[in-house]
>>> print(open('model.csv').read())   # CSV, C-alpha atoms
chain,number,residue,atom,x,y,z
A,28,MET,CA,0.0,0.0,0.0
A,29,ALA,CA,2.9,2.4,0.5
A,30,ASP,CA,3.2,2.8,-3.3
A,31,LEU,CA,-0.4,4.2,-3.2
A,32,LEU,CA,0.6,6.9,-0.7
A,33,GLU,CA,0.6,10.4,-2.2
A,34,ARG,CA,1.2,13.8,-0.7
A,35,VAL,CA,-1.6,16.3,-1.4
A,36,GLU,CA,-0.3,19.8,-2.3
A,37,ASP,CA,-3.6,21.7,-2.6
A,38,LEU,CA,-5.0,21.5,0.9
A,39,GLU,CA,-5.0,25.2,1.7
A,40,GLY,CA,-8.6,26.3,2.4
A,41,ARG,CA,-10.2,23.0,1.5
A,42,ARG,CA,-13.5,22.5,3.3
A,43,MET,CA,-14.7,18.9,4.2
A,44,VAL,CA,-17.8,17.8,6.1
A,45,LEU,CA,-16.9,14.8,8.3
A,46,ARG,CA,-19.1,12.6,10.4
A,47,SER,CA,-17.6,12.0,13.9
A,48,GLY,CA,-19.8,9.4,15.3
A,49,ARG,CA,-23.2,9.3,17.1
A,50,ARG,CA,-21.8,11.0,20.3
A,51,HIS,CA,-20.4,14.0,18.5
A,52,GLY,CA,-22.3,14.6,15.3
A,53,VAL,CA,-21.0,16.1,12.1
A,54,TYR,CA,-18.3,18.7,11.6
A,55,ALA,CA,-17.1,20.9,8.8
A,56,VAL,CA,-13.3,21.4,8.8
A,57,VAL,CA,-11.1,23.8,6.9
A,58,THR,CA,-7.6,22.7,6.1
A,59,GLY,CA,-4.3,24.6,6.0
A,60,ALA,CA,-1.5,23.9,3.4
A,61,ASP,CA,0.5,21.9,6.0
A,62,GLY,CA,-2.3,19.3,6.5
A,63,ARG,CA,-3.5,20.8,9.8
A,64,LEU,CA,-6.9,22.2,10.5
A,65,ARG,CA,-7.6,25.9,10.5
A,66,GLU,CA,-11.2,25.6,11.6
A,67,THR,CA,-13.7,23.0,12.9
A,68,ASN,CA,-17.4,23.8,13.2
A,69,PRO,CA,-20.4,21.6,14.0
A,70,VAL,CA,-22.9,21.1,11.2
A,71,ALA,CA,-26.6,20.8,11.9
A,72,GLN,CA,-27.4,18.3,9.2
A,73,SER,CA,-25.7,15.1,8.0
A,74,PRO,CA,-24.3,15.1,4.5
A,75,THR,CA,-25.9,12.9,1.9
A,76,GLY,CA,-24.2,10.5,-0.5
A,77,GLU,CA,-21.0,8.7,0.3
A,78,ALA,CA,-20.1,8.8,4.0
A,79,THR,CA,-16.9,10.7,4.9
A,80,THR,CA,-15.9,10.3,8.5
A,81,LEU,CA,-13.1,11.0,10.9
A,82,GLY,CA,-10.5,8.2,11.0
A,83,LEU,CA,-10.5,5.0,13.0
A,84,VAL,CA,-8.2,4.5,16.0
A,85,ASP,CA,-6.5,1.2,16.8
A,86,ILE,CA,-5.0,1.2,20.3
A,87,GLN,CA,-3.5,-2.3,20.0
A,88,VAL,CA,-1.6,-3.3,16.9
A,89,ASN,CA,1.6,-5.4,17.0
A,90,GLY,CA,2.5,-5.1,13.3
A,91,PHE,CA,1.0,-4.9,9.9
A,92,ALA,CA,1.7,-5.6,6.2
A,93,GLY,CA,4.6,-7.9,6.9
A,94,VAL,CA,6.2,-5.5,9.5
A,95,ASP,CA,6.6,-6.6,13.1
A,96,PHE,CA,6.7,-3.7,15.5
A,97,ASN,CA,8.5,-5.9,18.0
A,98,ARG,CA,11.9,-5.7,16.3
A,99,ALA,CA,15.1,-4.0,17.4
A,100,ASP,CA,16.0,-3.1,13.8
A,101,LEU,CA,12.8,-1.5,12.6
A,102,SER,CA,13.4,1.1,9.9
A,103,ALA,CA,11.4,4.2,8.9
A,104,GLU,CA,10.6,2.5,5.6
A,105,ASP,CA,9.2,-0.5,7.5
A,106,MET,CA,7.1,1.9,9.5
A,107,ASP,CA,5.7,3.7,6.5
A,108,ARG,CA,4.8,0.4,4.8
A,109,ALA,CA,2.8,-0.7,7.8
A,110,LEU,CA,1.2,2.6,8.5
A,111,ALA,CA,0.2,3.1,4.9
A,112,ALA,CA,-1.5,-0.2,4.8
A,113,MET,CA,-3.3,0.7,8.1
A,114,LEU,CA,-4.3,4.0,6.6
A,115,ALA,CA,-5.7,2.2,3.5
A,116,CYS,CA,-7.9,0.3,5.9
A,117,GLY,CA,-9.3,3.4,7.6
A,118,ALA,CA,-7.0,3.7,10.6
A,119,THR,CA,-5.6,7.3,10.9
A,120,ARG,CA,-4.2,6.9,14.5
A,121,CYS,CA,-2.8,4.1,16.4
A,122,LEU,CA,-0.8,2.8,19.4
A,123,PRO,CA,1.9,0.3,18.1
A,124,THR,CA,2.2,-2.4,20.6
A,125,VAL,CA,5.2,-4.2,22.1
A,126,ILE,CA,4.7,-7.5,23.9
A,127,THR,CA,6.5,-9.5,26.5
A,128,ALA,CA,10.2,-10.1,26.2
A,129,SER,CA,13.2,-9.5,28.5
A,130,LEU,CA,13.2,-6.0,29.9
A,131,ASP,CA,16.4,-5.3,27.9
A,132,ALA,CA,14.8,-6.6,24.7
A,133,MET,CA,11.5,-4.7,25.2
A,134,LYS,CA,13.5,-1.5,25.9
A,135,ALA,CA,15.5,-1.9,22.7
A,136,ARG,CA,12.4,-2.6,20.7
A,137,LEU,CA,10.6,0.4,22.0
A,138,ARG,CA,13.6,2.6,21.3
A,139,SER,CA,13.8,1.2,17.7
A,140,LEU,CA,10.0,1.6,17.2
A,141,ASP,CA,10.2,5.2,18.5
A,142,ALA,CA,13.1,6.1,16.2
A,143,ALA,CA,11.3,4.6,13.2
A,144,VAL,CA,8.2,6.5,13.9
A,145,ALA,CA,10.0,9.8,14.2
A,146,ALA,CA,11.9,9.3,11.0
A,147,SER,CA,9.0,8.0,8.9
A,148,ARG,CA,6.5,10.1,6.8
A,149,LEU,CA,3.3,8.8,8.5
A,150,GLY,CA,4.5,8.1,12.0
A,151,PRO,CA,4.5,11.7,13.3
A,152,TRP,CA,0.9,12.0,12.1
A,153,MET,CA,-0.6,8.6,13.0
A,154,VAL,CA,1.3,7.4,16.1
A,155,MET,CA,-0.1,8.8,19.4
A,156,GLY,CA,2.3,6.7,21.6
A,157,TYR,CA,2.7,3.1,22.5
A,158,HIS,CA,0.8,0.2,24.1
A,159,VAL,CA,3.0,-2.0,26.3
A,160,GLU,CA,1.4,-5.5,26.8
A,161,GLY,CA,3.6,-7.2,29.4
A,162,PRO,CA,5.8,-8.4,30.9
A,163,PHE,CA,3.7,-8.1,34.1
A,164,LEU,CA,1.2,-10.8,33.0
A,165,SER,CA,0.1,-14.2,34.2
A,166,SER,CA,2.4,-17.0,33.1
A,167,ALA,CA,-0.2,-19.7,34.0
A,168,ASP,CA,-1.3,-22.1,31.3
A,169,GLY,CA,-4.1,-20.6,29.2
A,170,TYR,CA,-3.5,-17.0,30.2
A,171,ALA,CA,-0.1,-16.3,28.7
A,172,GLY,CA,-1.3,-16.6,25.1
A,173,CYS,CA,1.7,-16.3,22.8
A,174,HIS,CA,3.7,-14.1,25.3
A,175,PRO,CA,6.9,-15.9,26.3
A,176,LYS,CA,6.3,-17.2,29.8
A,177,ALA,CA,10.0,-17.2,30.7
A,178,HIS,CA,10.0,-13.4,30.6
A,179,MET,CA,6.9,-12.8,32.7
A,180,ARG,CA,7.9,-11.0,35.9
A,181,SER,CA,6.8,-9.0,38.9
A,182,ALA,CA,6.0,-5.3,38.4
A,183,GLY,CA,7.9,-2.3,39.7
A,184,VAL,CA,8.4,1.4,39.2
A,185,GLU,CA,12.0,0.8,38.1
A,186,ALA,CA,11.0,-1.7,35.4
A,187,LEU,CA,8.5,0.6,33.9
A,188,ALA,CA,10.9,3.5,34.0
A,189,LYS,CA,13.4,1.4,32.1
A,190,LEU,CA,10.9,0.7,29.4
A,191,GLN,CA,10.0,4.4,29.1
A,192,ASP,CA,13.6,5.7,29.1
A,193,GLY,CA,14.5,7.8,26.1
A,194,LEU,CA,11.2,7.6,24.3
A,195,ARG,CA,10.0,10.6,22.2
A,196,ARG,CA,6.4,9.5,22.4
A,197,PRO,CA,4.9,8.2,25.6
A,198,VAL,CA,3.6,4.8,26.7
A,199,ARG,CA,-0.2,5.4,26.6
A,200,VAL,CA,-1.6,2.0,27.6
A,201,LEU,CA,0.0,-0.6,29.9
A,202,THR,CA,-1.6,-4.1,30.1
A,203,MET,CA,-1.0,-6.0,33.3
A,204,ALA,CA,-2.4,-8.9,35.3
A,205,PRO,CA,-3.6,-7.7,38.8
A,206,GLU,CA,-2.5,-10.9,40.6
A,207,ARG,CA,1.1,-10.3,39.6
A,208,GLU,CA,3.4,-9.2,42.4
A,209,GLY,CA,3.8,-5.4,42.4
A,210,VAL,CA,1.0,-4.6,39.9
A,211,LEU,CA,-1.5,-3.1,42.4
A,212,ASP,CA,1.3,-0.8,43.6
A,213,LEU,CA,2.4,0.1,40.1
A,214,ILE,CA,-1.1,1.0,38.9
A,215,PRO,CA,-1.5,4.4,40.7
A,216,HIS,CA,2.1,5.3,39.7
A,217,ALA,CA,1.4,4.6,36.0
A,218,THR,CA,-2.0,6.4,36.1
A,219,ALA,CA,-0.4,9.5,37.7
A,220,GLN,CA,1.8,9.6,34.5
A,221,GLY,CA,-1.3,9.6,32.3
A,222,ILE,CA,-0.9,5.9,31.3
A,223,VAL,CA,-4.2,4.0,30.9
A,224,VAL,CA,-3.8,0.8,32.9
A,225,SER,CA,-5.5,-2.2,31.3
A,226,ILE,CA,-6.2,-5.6,32.7
A,227,GLY,CA,-5.3,-8.6,30.5
A,228,HIS,CA,-3.7,-12.0,30.2
A,229,THR,CA,-5.0,-12.6,33.8
A,230,GLY,CA,-6.5,-15.2,36.0
A,231,ALA,CA,-7.5,-12.6,38.5
A,232,SER,CA,-10.3,-13.2,41.0
A,233,LEU,CA,-13.2,-10.8,41.5
A,234,ALA,CA,-11.4,-9.3,44.5
A,235,GLU,CA,-8.2,-8.7,42.5
A,236,VAL,CA,-10.1,-7.1,39.6
A,237,GLU,CA,-11.9,-4.8,42.1
A,238,ALA,CA,-8.6,-3.9,43.7
A,239,ALA,CA,-7.1,-3.0,40.3
A,240,VAL,CA,-10.1,-0.8,39.5
A,241,ALA,CA,-9.8,0.9,42.9
A,242,ALA,CA,-6.1,1.5,42.2
A,243,GLY,CA,-7.0,3.1,38.9
A,244,ALA,CA,-7.3,0.5,36.1
A,245,ARG,CA,-9.7,1.6,33.4
A,246,LEU,CA,-9.6,-0.9,30.6
A,247,SER,CA,-9.8,-4.6,29.8
A,248,THR,CA,-7.4,-5.8,27.0
A,249,HIS,CA,-9.0,-7.9,24.3
A,250,LEU,CA,-11.7,-9.2,26.7
A,251,GLY,CA,-12.7,-12.7,26.0
A,252,ASN,CA,-9.2,-13.7,25.0
A,253,GLY,CA,-6.0,-14.5,26.9
A,254,LEU,CA,-8.1,-16.8,29.1
A,255,LEU,CA,-8.4,-20.5,29.9
A,256,HIS,CA,-10.7,-22.3,27.5
A,257,LEU,CA,-12.6,-23.8,30.5
A,258,LEU,CA,-13.6,-21.4,33.3
A,259,GLU,CA,-15.4,-21.8,36.6
A,260,LYS,CA,-19.1,-21.0,35.9
A,261,ASN,CA,-19.4,-17.8,38.0
A,262,ALA,CA,-16.1,-16.9,39.7
A,263,ASN,CA,-13.8,-16.2,36.7
A,264,PRO,CA,-11.7,-13.3,35.4
A,265,LEU,CA,-14.0,-12.8,32.3
A,266,PHE,CA,-17.2,-12.1,34.3
A,267,ALA,CA,-15.3,-10.2,37.0
A,268,GLN,CA,-14.2,-7.7,34.3
A,269,LEU,CA,-17.4,-7.8,32.2
A,270,GLY,CA,-19.5,-6.9,35.1
A,271,GLN,CA,-17.3,-4.0,36.2
A,272,ASP,CA,-18.8,-0.7,35.1
A,273,HIS,CA,-15.7,1.2,35.8
A,274,LEU,CA,-13.8,-0.7,33.1
A,275,SER,CA,-14.1,-0.1,29.3
A,276,ALA,CA,-13.2,-3.1,27.3
A,277,SER,CA,-11.4,-3.7,23.9
A,278,PHE,CA,-12.5,-6.5,21.7
A,279,ILE,CA,-11.1,-8.2,18.6
A,280,ALA,CA,-14.3,-8.4,16.6
A,281,ASP,CA,-12.9,-10.6,13.8
A,282,GLY,CA,-15.2,-13.6,14.2
A,283,VAL,CA,-12.2,-15.8,15.2
A,284,HIS,CA,-11.2,-14.4,18.6
A,285,ILE,CA,-14.8,-13.7,19.4
A,286,PRO,CA,-17.8,-15.3,17.6
A,287,PRO,CA,-20.5,-12.8,16.6
A,288,TYR,CA,-23.1,-14.0,19.2
A,289,MET,CA,-20.5,-13.6,22.0
A,290,PHE,CA,-19.6,-10.1,20.8
A,291,ARG,CA,-23.2,-9.1,21.0
A,292,ILE,CA,-23.4,-10.3,24.6
A,293,TYR,CA,-20.1,-8.5,25.6
A,294,ALA,CA,-21.2,-5.3,23.9
A,295,ARG,CA,-24.6,-5.3,25.6
A,296,ALA,CA,-22.9,-5.9,29.0
A,297,LYS,CA,-20.4,-3.1,28.4
A,298,GLU,CA,-22.8,-0.9,26.5
A,299,LEU,CA,-21.7,0.9,23.4
A,300,SER,CA,-20.0,3.8,25.4
A,301,ARG,CA,-17.5,1.4,27.0
A,302,THR,CA,-16.9,-0.9,24.0
A,303,ILE,CA,-13.7,-0.4,22.0
A,304,LEU,CA,-12.7,-2.1,18.7
A,305,ILE,CA,-9.1,-3.1,18.2
A,306,THR,CA,-7.3,-5.4,15.8
A,307,ASP,CA,-4.5,-6.9,17.9
A,308,ALA,CA,-3.0,-7.2,14.4
A,309,THR,CA,0.4,-8.8,13.7
A,310,ALA,CA,2.7,-8.6,10.7
A,311,GLY,CA,0.4,-11.1,9.0
A,312,ALA,CA,-2.3,-8.5,8.6
A,313,ALA,CA,-2.7,-7.2,5.0
A,314,ALA,CA,-0.1,-9.7,4.0
A,315,GLU,CA,0.1,-13.1,2.2
A,316,PRO,CA,-0.2,-16.4,4.0
A,317,GLY,CA,3.1,-17.5,5.5
A,318,LEU,CA,5.3,-17.2,8.5
A,319,TYR,CA,5.9,-14.0,10.4
A,320,THR,CA,7.3,-12.9,13.8
A,321,LEU,CA,5.7,-11.4,16.8
A,322,GLY,CA,8.7,-10.5,18.9
A,323,ASP,CA,10.4,-13.8,19.9
A,324,VAL,CA,7.5,-15.9,18.7
A,325,GLN,CA,6.9,-17.2,15.2
A,326,VAL,CA,3.3,-16.9,14.0
A,327,GLU,CA,1.7,-18.2,10.8
A,328,ARG,CA,-1.0,-16.6,8.7
A,329,GLN,CA,-3.0,-19.4,7.3
A,330,ALA,CA,-4.9,-19.4,4.0
A,331,ASP,CA,-8.2,-18.5,5.9
A,332,GLY,CA,-6.5,-15.5,7.4
A,333,ILE,CA,-6.3,-16.9,10.9
A,334,MET,CA,-3.0,-16.3,12.8
A,335,ARG,CA,-1.7,-19.2,14.8
A,336,GLU,CA,1.5,-20.4,16.4
A,337,PRO,CA,2.7,-23.0,13.8
A,338,GLY,CA,1.5,-26.5,14.6
A,339,SER,CA,-0.6,-25.2,17.5
A,340,PRO,CA,-4.3,-24.7,18.0
A,341,TYR,CA,-3.5,-21.4,19.8
A,342,LEU,CA,-4.1,-18.0,18.2
A,343,GLY,CA,-1.1,-15.7,17.6
A,344,GLY,CA,-2.6,-12.3,17.3
A,345,SER,CA,-4.8,-11.5,14.3
A,346,SER,CA,-4.8,-10.4,10.7
A,347,ALA,CA,-7.8,-8.1,11.2
A,348,THR,CA,-8.1,-4.5,10.0
A,349,MET,CA,-10.0,-1.7,11.6
A,350,GLU,CA,-12.2,-1.5,8.5
A,351,GLU,CA,-13.1,-5.2,9.0
A,352,VAL,CA,-13.9,-5.0,12.7
A,353,THR,CA,-15.9,-1.8,12.2
A,354,ARG,CA,-18.0,-3.4,9.5
A,355,ASN,CA,-18.4,-6.6,11.6
A,356,ALA,CA,-19.7,-4.5,14.6
A,357,MET,CA,-22.3,-2.9,12.3
A,358,ASN,CA,-23.5,-6.3,11.0
A,359,TRP,CA,-23.4,-8.2,14.3
A,360,LEU,CA,-24.9,-5.5,16.5
A,361,GLY,CA,-27.3,-4.1,13.8
A,362,ILE,CA,-25.9,-0.5,14.2
A,363,ALA,CA,-25.2,2.3,11.8
A,364,LEU,CA,-21.8,3.6,10.8
A,365,ASP,CA,-22.1,6.5,13.2
A,366,ASP,CA,-22.5,4.2,16.1
A,367,ALA,CA,-19.7,2.0,14.9
A,368,LEU,CA,-17.5,5.0,14.6
A,369,ASP,CA,-17.9,5.6,18.3
A,370,LEU,CA,-16.6,2.0,18.9
A,371,GLY,CA,-13.8,2.3,16.4
A,372,ARG,CA,-12.7,5.8,17.3
A,373,THR,CA,-14.5,8.0,19.9
A,374,ASN,CA,-14.4,5.7,22.9
A,375,ALA,CA,-10.7,5.0,22.5
A,376,LEU,CA,-9.8,8.7,22.2
A,377,LEU,CA,-11.9,9.7,25.3
A,378,LEU,CA,-10.3,6.9,27.3
A,379,LEU,CA,-6.9,8.3,26.4
A,380,GLY,CA,-7.9,11.9,27.2
A,381,GLU,CA,-7.8,12.9,23.6
A,382,ALA,CA,-10.4,15.2,21.8
A,383,ALA,CA,-12.9,13.1,20.0
A,384,VAL,CA,-13.3,15.9,17.4
A,385,PRO,CA,-10.0,17.4,16.3
A,386,ARG,CA,-9.6,21.1,17.0
A,387,ALA,CA,-7.9,23.8,15.0
A,388,GLY,CA,-4.2,22.9,14.8
A,389,ALA,CA,-4.8,19.2,14.8
A,390,ALA,CA,-4.1,17.0,11.8
A,391,LEU,CA,-6.6,16.5,9.1
A,392,GLU,CA,-7.9,12.9,9.2
A,393,TYR,CA,-10.7,11.4,7.2
A,394,VAL,CA,-12.0,8.2,5.7
A,395,ARG,CA,-14.3,8.0,2.7
A,396,TRP,CA,-16.6,5.0,2.6
A,397,ARG,CA,-18.7,3.4,-0.1
A,398,ASP,CA,-21.5,0.9,0.5
A,399,GLY,CA,-20.6,-2.7,-0.5
A,400,ALA,CA,-22.4,-6.0,-0.4
A,401,THR,CA,-21.4,-6.7,3.3
A,402,GLY,CA,-21.3,-3.1,4.5
A,403,PRO,CA,-19.3,0.1,4.0
A,404,LYS,CA,-15.8,-0.2,2.5
A,405,VAL,CA,-12.9,2.3,2.6
A,406,VAL,CA,-12.2,3.9,-0.7
A,407,GLU,CA,-10.0,6.7,0.4
A,408,ALA,CA,-8.3,7.8,3.6
A,409,GLY,CA,-6.0,10.7,4.6
A,410,VAL,CA,-4.0,12.0,7.4
A,411,GLY,CA,-2.2,15.4,7.5
A,412,PRO,CA,-0.9,16.0,3.9
A,413,TRP,CA,-1.0,12.3,3.0
A,414,ARG,CA,-3.7,10.2,1.4
A,415,ILE,CA,-4.4,6.8,-0.1
A,416,ILE,CA,-7.0,6.1,-2.7
A,417,ARG,CA,-8.1,2.5,-3.1
A,418,GLU,CA,-10.7,2.9,-5.9
>>> encode(input="model.csv", output="structure tokens")
Amino acid sequence: MADLLERVEDLEGRRMVLRSGRRHGVYAVVTGADGRLRETNPVAQSPTGEATTLGLVDIQVNGFAGVDFNRADLSAEDMDRALAAMLACGATRCLPTVITASLDAMKARLRSLDAAVAASRLGPWMVMGYHVEGPFLSSADGYAGCHPKAHMRSAGVEALAKLQDGLRRPVRVLTMAPEREGVLDLIPHATAQGIVVSIGHTGASLAEVEAAVAAGARLSTHLGNGLLHLLEKNANPLFAQLGQDHLSASFIADGVHIPPYMFRIYARAKELSRTILITDATAGAAAEPGLYTLGDVQVERQADGIMREPGSPYLGGSSATMEEVTRNAMNWLGIALDDALDLGRTNALLLLGEAAVPRAGAALEYVRWRDGATGPKVVEAGVGPWRIIRE
């Protein structure tokens, strides 16, 4: 997709009418020559014809288009290839995600990722910061997923500081298991820095989930996954989080990690205002079938698009795109694009403390959709002075 990326030179004074979701309505924006907005104003009536919306936001993406974000040798060219493919699928902002490894390896990978973002064309426009998933997770069978168990460890202020050291962009989301030693003490320290603490890859009891929420946790990471296949009927970490009104939850609505009927149940329990769509995509997303890496782990994109650890029944991230999970949410929940935009954009931004509707000075971001047989499809997307046309 990077070869479809083009720089737009005639943005000065361009007026666009963009739908921003059910919660925030429709806005008219006026762009400056640099790809930033000069004006944003609410519009009373929705535009007709093809839908043009603000962009989707993916707060958990491990890689894309053959590029693994968990590498210590990531280049600016790699970053642009991955981000261009994400943009072509409607994502205008994201949190590249680094998973469990040794602290030294995670630090090196975050530094490499950060440098690649800064040196790339799209990174400064699209990357809001980073999601760190691990290493303060459960190493128990069934909960670790494809995170290397050998590198799971207790949490501490010093370990988090080591991971953050030298980064130009901040860690925005930190996924931890509340039952891990030191996690409940680290949560208020992280939240005081503006980090959203999320619960994931956990076998936590109801009391431990409640303690994490009391300490400041605000999100559940890919709820419904990273769990034992067989759980106790009532007392289990899934229901403990699903029933917690102080937690938003992210979901991989790809039909593989969560079947449609379960997503409907989860979304009804969380309500649309606390439901967030993510991809948890790996390098196999928007790529050919074959072998890819996810940090220290090898994963395989199969012919049906499912990502697995080779020779294993266990999933290894996803090959989903934000376009796909947004369309799935519309079809499975019976909601309109405006509602789905809240799930694929607004709720994530509000959780991060970001403006749901960009203000003057923010980057232009938009997605143009066209109705297809299974729902709306992205035909054009842009961020700042860059755009991709898929028609």
>>> closest_atom_pairs(input="model.csv", of="range 244-341 of chain A", to="range 214-234 of chain A", cutoff="12 Å", atoms="all atoms listed in the file", output="Markdown table")
| residue | atom | partner | partner_atom | distance |
| --- | --- | --- | --- | --- |
| A:Ala244 | CA | A:Val224 | CA | 4.8 |
| A:Arg245 | CA | A:Val224 | CA | 6.0 |
| A:Leu246 | CA | A:Ser225 | CA | 4.4 |
| A:Ser247 | CA | A:Ile226 | CA | 4.7 |
| A:Thr248 | CA | A:Gly227 | CA | 4.9 |
| A:His249 | CA | A:Gly227 | CA | 7.3 |
| A:Leu250 | CA | A:Gly227 | CA | 7.5 |
| A:Gly251 | CA | A:Gly227 | CA | 9.6 |
| A:Asn252 | CA | A:His228 | CA | 7.8 |
| A:Gly253 | CA | A:His228 | CA | 4.7 |
| A:Leu254 | CA | A:His228 | CA | 6.6 |
| A:Leu255 | CA | A:Gly230 | CA | 8.3 |
| A:His256 | CA | A:Gly230 | CA | 11.8 |
| A:Leu257 | CA | A:Gly230 | CA | 11.9 |
| A:Leu258 | CA | A:Gly230 | CA | 9.8 |
| A:Glu259 | CA | A:Ser232 | CA | 10.9 |
| A:Asn261 | CA | A:Leu233 | CA | 10.0 |
| A:Ala262 | CA | A:Leu233 | CA | 7.0 |
| A:Asn263 | CA | A:Ser232 | CA | 6.3 |
| A:Pro264 | CA | A:Ala231 | CA | 5.3 |
| A:Leu265 | CA | A:Gly230 | CA | 8.7 |
| A:Phe266 | CA | A:Leu233 | CA | 8.3 |
| A:Ala267 | CA | A:Leu233 | CA | 5.0 |
| A:Gln268 | CA | A:Leu233 | CA | 7.9 |
| A:Leu269 | CA | A:Leu233 | CA | 10.6 |
| A:Gly270 | CA | A:Leu233 | CA | 9.8 |
| A:Gln271 | CA | A:Leu233 | CA | 9.5 |
| A:His273 | CA | A:Ser225 | CA | 11.7 |
| A:Leu274 | CA | A:Ser225 | CA | 8.6 |
| A:Ser275 | CA | A:Ser225 | CA | 9.1 |
| A:Ala276 | CA | A:Ser225 | CA | 8.7 |
| A:Ser277 | CA | A:Ser225 | CA | 9.6 |
| A:Phe278 | CA | A:Gly227 | CA | 11.6 |
>>> write_last_selection(input="model.csv", atoms="C-alpha atoms", output="mmCIF file, in the coordinates of the input")
data_model
loop_
_atom_site.group_PDB
_atom_site.id
_atom_site.type_symbol
_atom_site.label_atom_id
_atom_site.label_comp_id
_atom_site.auth_asym_id
_atom_site.auth_seq_id
_atom_site.Cartn_x
_atom_site.Cartn_y
_atom_site.Cartn_z
ATOM 1 C CA ALA A 244 -7.300 0.500 36.100
ATOM 2 C CA ARG A 245 -9.700 1.600 33.400
ATOM 3 C CA LEU A 246 -9.600 -0.900 30.600
ATOM 4 C CA SER A 247 -9.800 -4.600 29.800
ATOM 5 C CA THR A 248 -7.400 -5.800 27.000
ATOM 6 C CA HIS A 249 -9.000 -7.900 24.300
ATOM 7 C CA LEU A 250 -11.700 -9.200 26.700
ATOM 8 C CA GLY A 251 -12.700 -12.700 26.000
ATOM 9 C CA ASN A 252 -9.200 -13.700 25.000
ATOM 10 C CA GLY A 253 -6.000 -14.500 26.900
ATOM 11 C CA LEU A 254 -8.100 -16.800 29.100
ATOM 12 C CA LEU A 255 -8.400 -20.500 29.900
ATOM 13 C CA HIS A 256 -10.700 -22.300 27.500
ATOM 14 C CA LEU A 257 -12.600 -23.800 30.500
ATOM 15 C CA LEU A 258 -13.600 -21.400 33.300
ATOM 16 C CA GLU A 259 -15.400 -21.800 36.600
ATOM 17 C CA ASN A 261 -19.400 -17.800 38.000
ATOM 18 C CA ALA A 262 -16.100 -16.900 39.700
ATOM 19 C CA ASN A 263 -13.800 -16.200 36.700
ATOM 20 C CA PRO A 264 -11.700 -13.300 35.400
ATOM 21 C CA LEU A 265 -14.000 -12.800 32.300
ATOM 22 C CA PHE A 266 -17.200 -12.100 34.300
ATOM 23 C CA ALA A 267 -15.300 -10.200 37.000
ATOM 24 C CA GLN A 268 -14.200 -7.700 34.300
ATOM 25 C CA LEU A 269 -17.400 -7.800 32.200
ATOM 26 C CA GLY A 270 -19.500 -6.900 35.100
ATOM 27 C CA GLN A 271 -17.300 -4.000 36.200
ATOM 28 C CA HIS A 273 -15.700 1.200 35.800
ATOM 29 C CA LEU A 274 -13.800 -0.700 33.100
ATOM 30 C CA SER A 275 -14.100 -0.100 29.300
ATOM 31 C CA ALA A 276 -13.200 -3.100 27.300
ATOM 32 C CA SER A 277 -11.400 -3.700 23.900
ATOM 33 C CA PHE A 278 -12.500 -6.500 21.700
#
>>> closest_residue(input="model.csv", among="A:Gly243, A:Gly282, A:Gly59, A:Gly82", to="Thr306 in chain A", atoms="all atoms listed in the file")
A:Gly282
>>> closest_residue(input="model.csv", among="A:His158, A:Arg372, A:Arg414, A:Arg195", to="Leu391 in chain A", atoms="only C-alpha atoms")
A:Arg414
>>> closest_atom_pairs(input="model.csv", of="range 110-228 of chain A", to="range 323-330 of chain A", cutoff="9 Å", atoms="only C-alpha atoms", output="Markdown table")
| residue | atom | partner | partner_atom | distance |
| --- | --- | --- | --- | --- |
| A:Thr127 | CA | A:Asp323 | CA | 8.8 |
| A:Ala128 | CA | A:Asp323 | CA | 7.3 |
| A:Cys173 | CA | A:Val324 | CA | 7.1 |
| A:His174 | CA | A:Val324 | CA | 7.8 |
| A:Pro175 | CA | A:Asp323 | CA | 7.6 |
>>> residues_around(input="model.csv", residues="Glu407 in chain A", least_positions_apart="6", cutoff="6 Å", atoms="all atoms listed in the file", output="list in words")
Val394, Arg395, Ile415, Ile416 and Arg417 of chain A
>>> residues_near_point(input="model.csv", point="(9.6, 14.1, 7.4)", cutoff="12 Å", atoms="all atoms listed in the file", output="MDAnalysis selection string")
chainID A and resid 34 103:104 107 143:152 411:413
>>> closest_residue(input="model.csv", among="A:Pro205, A:Gly361, A:Gly52, A:Pro123", to="Val236 in chain A", atoms="all atoms listed in the file")
A:Pro205
>>> atom_distance(input="model.csv", atom1="CA of Thr58 in chain A", atom2="CA of Ile305 in chain A")
28.5 Å
>>> residues_around(input="model.csv", residues="Leu299 in chain A", least_positions_apart="6", cutoff="12 Å", atoms="only C-alpha atoms", output="CSV table (one decimal) with C-alpha atoms, in the coordinates of the input")
chain,number,residue,atom,x,y,z
A,48,GLY,CA,-19.8,9.4,15.3
A,49,ARG,CA,-23.2,9.3,17.1
A,50,ARG,CA,-21.8,11.0,20.3
A,275,SER,CA,-14.1,-0.1,29.3
A,276,ALA,CA,-13.2,-3.1,27.3
A,277,SER,CA,-11.4,-3.7,23.9
A,278,PHE,CA,-12.5,-6.5,21.7
A,290,PHE,CA,-19.6,-10.1,20.8
A,291,ARG,CA,-23.2,-9.1,21.0
A,292,ILE,CA,-23.4,-10.3,24.6
A,293,TYR,CA,-20.1,-8.5,25.6
A,356,ALA,CA,-19.7,-4.5,14.6
A,357,MET,CA,-22.3,-2.9,12.3
A,360,LEU,CA,-24.9,-5.5,16.5
A,362,ILE,CA,-25.9,-0.5,14.2
A,365,ASP,CA,-22.1,6.5,13.2
A,366,ASP,CA,-22.5,4.2,16.1
A,367,ALA,CA,-19.7,2.0,14.9
A,368,LEU,CA,-17.5,5.0,14.6
A,369,ASP,CA,-17.9,5.6,18.3
A,370,LEU,CA,-16.6,2.0,18.9
A,371,GLY,CA,-13.8,2.3,16.4
A,372,ARG,CA,-12.7,5.8,17.3
A,373,THR,CA,-14.5,8.0,19.9
A,374,ASN,CA,-14.4,5.7,22.9
A,375,ALA,CA,-10.7,5.0,22.5
